[in-house]
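J.: For reference, the structure I am asking about is given below.
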Amino acid sequence: MQLALDDYPRYGRQMILDGFGLPGQLKLQNSSVVVVGAGGLGCPALQYLAAAGIGRIGIIDHDVVEVSNLQRQILHDESRVGMSKAESASRALSKMNSRLNIDAITKALTPDNALELLSPYDIILDCTDNAPTRYLLSDTAVALDKPLVSGAAQKFEGQLCTYNLGPEGPCYRCLFPIPPARELVGTCEETGILGAVTGVIGNMQALEAIKIITGLHDEKPSLLLFSALGSPPFRSIKLRSRKPTCPACGSSDQKIGEIKEIDYVQFCGGATPDWESLGFSPGDPKDRVSVQDFEEALKLNREEIAIIDVRARAEFSICSLPGSINVPLKELTANPGEYLLSKRETYLVCRLGNDSQIAASSLREARKEDVMVKDVIGGLRAWARNVDPTFPVY
């Protein structure tokens with residue numbers, strides 16, 4: 001396959017690089033990359049893969065664009081809220097380069113379809129944000145003998161690693177044979193994320209793929225750690241070769257078996273809890289109160305009521321109920337007796353109604369007999385939905 005005449009000026013700045021040249025550009029043109037997840041990591045990765053001239057790009061994402069995505073998922077915009085992320089990303093890339101061959105796949109990646117969906121591509125990019133899919137992608141990459149470029153980002157930090165690269169490259173299971181405890185794994189919605197951090201890691205994923213395709217990668221396994229607040233911000237850790245005992249890529253007889261037969265969700269500790277639904281659980285009427293009843297109590301007897309907001313201080317600074325005081329959950333549960341205020345009624349609130357249940361339980365154990373302690377069902381999200389529509393939702 002030859003390079004089109006008008007592609008010479010488009011890609012000229014990278015073709016004049018030593019070790020790249022026209023052969024490197026033709027390798028990109030003849031290659032294929034699939035990006036799983038068109039979110040914070042996938043958007044910048046896709047943008048630079050498309051700009052570099054990858055011949056075929058697959059985008060796998062079953063989610064739709066939401067307003068909360070726009071802070072970091074740079075291929076989407078306000079006009080495409082509600083659209084499939086795969087389709088939205090495909091449209092944005094097509095405007096950048098009309099010659100791109102793009103497969104927009106709106107299915108969820110599962111053990112039943114992973115081999116079929118990923119097998120047509122040379123390199124797999126893991127731009128997801130959950131442990132079950134990471135293990136599924138790694139096992140599939142091993143089965144297909146394809147490199148897996150994996151990125152992760154949370155809060156101010158990110159990491160990058162390329163798995164199953166070369167004859168000795170380790171897989172994800174080599175590094176993490178046991179999934180982290182479910183309570184230790186949070187989503188961006190729960191923990192927060194600086195959008196530019198996902199941009200750094202996503203761009204690095206695209207760079208890794210380009211290096212592999214053009215033969216510029218040294219194939220030495222390493223884990224790159226990034227901290228936006230660190231000095232220096234990057235740190236590289238040399239990794240060992242694949243483990244002979246690894247059940248996925250090793251030489252041990254103890255193999256994981258057929259991918260279709262593995263329940264990755266259960267392997268990783270079960271499904272991600274629906275925290276908003278859990279926060280709306282009525283629970284014991286003696287312990288929990290609806291936002292409507294809470295509002296009524298405030299109208300009738302505000303002077304005798306204490307409101308304790310157990311969110312983190314950064315969240316409390318975003319918005320809060322008038323007259324509430326901020327005691328982060330960890331501080332309250334460490335010494336609940338200290339926060340038994342001299343009021344007849346104490347109400348605990350949080351964002352969704354989950355942490356407030358824990359805090360209220362701690363206070364009840366330490367309370368005096370004449371003090372009523374309850375928490376608010378659904379938290380501040382329910383307050384905004386059912387009482388005060390002008391209250392910020394984040």
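Within each chain, counting starts at residue 1; across the structure tokens, chains are named A, B, ... in the order shown, with ligands numbered 1 upward in that order.
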Write down as a PyMOL selection string the residues belonging to stretch 83-286 of chain A that are assigned strand (DSSP E or B) by DSSP computed on the backbone.

T.: chain A and resi 84+101-105+123-126+148-155+157-163+193+222-227+234-238

J.: So which residues touch stretch 246-259 of chain A within 9 Å, counting only C-alpha atoms, skipping near sequence neighbours fewer than 3 positions away, as a list of chain:residue names?

T.: A:Pro111, A:Asp112, A:Ala114, A:Leu115, A:Leu136, A:Ser138, A:Asp139, A:Thr140, A:Val142, A:Ala143, A:Asn164, A:Pro170, A:Cys171, A:Arg173, A:Cys174, A:Pro177, A:Arg242, A:Lys243, A:Ile262, A:Asp263

J.: Keeping only C-alpha atoms, write the selected residues as a JSON list (two decimals), in the first residue's frame.

T.:
```
[["chain", "number", "residue", "atom", "x", "y", "z"],
["A", 111, "PRO", "CA", -16.32, -12.79, 28.13],
["A", 112, "ASP", "CA", -18.68, -14.04, 25.41],
["A", 114, "ALA", "CA", -14.16, -10.33, 23.74],
["A", 115, "LEU", "CA", -12.23, -12.69, 21.46],
["A", 136, "LEU", "CA", -10.84, -9.72, 30.81],
["A", 138, "SER", "CA", -5.49, -8.97, 29.74],
["A", 139, "ASP", "CA", -6.61, -12.59, 29.43],
["A", 140, "THR", "CA", -7.95, -11.92, 25.93],
["A", 142, "VAL", "CA", -2.76, -13.25, 26.02],
["A", 143, "ALA", "CA", -5.11, -15.61, 24.19],
["A", 164, "ASN", "CA", 2.06, -9.07, 26.88],
["A", 170, "PRO", "CA", 4.18, -9.94, 31.71],
["A", 171, "CYS", "CA", 0.40, -9.78, 31.65],
["A", 173, "ARG", "CA", -2.32, -11.13, 36.19],
["A", 174, "CYS", "CA", 1.45, -11.39, 36.62],
["A", 177, "PRO", "CA", -2.80, -12.00, 40.63],
["A", 242, "ARG", "CA", 6.25, -12.89, 32.95],
["A", 243, "LYS", "CA", 5.79, -15.33, 35.81],
["A", 262, "ILE", "CA", -14.85, -16.99, 33.75],
["A", 263, "ASP", "CA", -17.07, -14.74, 35.87]]
```

J.: Just want the 9 Å neighbourhood of A:Lys374, counted on only C-alpha atoms, with same-chain residues fewer than 4 positions away dropped. Output as an MDAnalysis selection string.

T.: chainID A and resid 286:289 345:348 356:357 360:361 364

J.: Go ahead and save the residues from that selection, with C-alpha atoms, as a PDB file, in the first residue's frame.

T.:
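Output saved as part-v6.pdb:
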```pdb
ATOM      1  CA  LYS A 286     -36.304   5.083  63.752  1.00  0.00           C
ATOM      2  CA  ASP A 287     -32.908   5.743  62.193  1.00  0.00           C
ATOM      3  CA  ARG A 288     -33.592   7.361  58.804  1.00  0.00           C
ATOM      4  CA  VAL A 289     -35.725  10.281  57.647  1.00  0.00           C
ATOM      5  CA  GLU A 345     -32.077  16.316  67.504  1.00  0.00           C
ATOM      6  CA  THR A 346     -29.046  15.561  65.308  1.00  0.00           C
ATOM      7  CA  TYR A 347     -29.325  14.823  61.598  1.00  0.00           C
ATOM      8  CA  LEU A 348     -26.458  13.415  59.493  1.00  0.00           C
ATOM      9  CA  SER A 356     -24.397   9.380  56.734  1.00  0.00           C
ATOM     10  CA  GLN A 357     -25.747   5.962  57.760  1.00  0.00           C
ATOM     11  CA  ALA A 360     -25.354   8.107  62.444  1.00  0.00           C
ATOM     12  CA  SER A 361     -24.732   4.571  63.686  1.00  0.00           C
ATOM     13  CA  ARG A 364     -26.085   6.497  68.261  1.00  0.00           C
TER      14      ARG A 364
END
```

J.: So that I can check the surroundings of stretch 7-12 of chain A, please list as a ChimeraX atom specification every protein, DNA and RNA residue that reaches within 8 Å of it, counting only C-alpha atoms and ignoring chain neighbours fewer than 4 positions away.

T.: /A:3,16,25,52-53

J.: Could you turn the residues from that selection into a file that holds C-alpha atoms, as a short mmCIF file (atom, residue, chain, number, x, y, z; two decimals), in the first residue's frame?

T.:
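Printed below is selection-v2.cif as written:
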```cif
data_model
loop_
_atom_site.label_atom_id
_atom_site.label_comp_id
_atom_site.auth_asym_id
_atom_site.auth_seq_id
_atom_site.Cartn_x
_atom_site.Cartn_y
_atom_site.Cartn_z
CA LEU A 3 0.91 6.73 0.80
CA ILE A 16 11.27 13.35 8.79
CA GLN A 25 4.12 6.00 8.25
CA ALA A 52 -0.90 9.94 13.52
CA GLY A 53 -2.53 8.03 10.66
#
```

J.: How many Å lie between atom CA of A:Leu144 and atom CA of A:Asn113, rounded to one decimal?

T.: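 Going from atom CA of A:Leu144 over to atom CA of A:Asn113, I get 13.1 Å.
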
J.: Calculated over only C-alpha atoms, which of the candidates A:Arg381, A:Arg80, A:Lys211, A:Lys85 has the smallest distance to A:Ser277?

T.: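 Closest to A:Ser277, using only C-alpha atoms: A:Arg381.
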
J.: Using only C-alpha atoms, determine which residues lie at most 9 Å from A:Cys188, disregarding the query and same-chain residues fewer than 4 positions distant; provide the list as a list in words.

T.: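 Listed by chain and then number, they are Asp129, Ala153, Gln154, Lys155, Gly192 and Ile193 of chain A.
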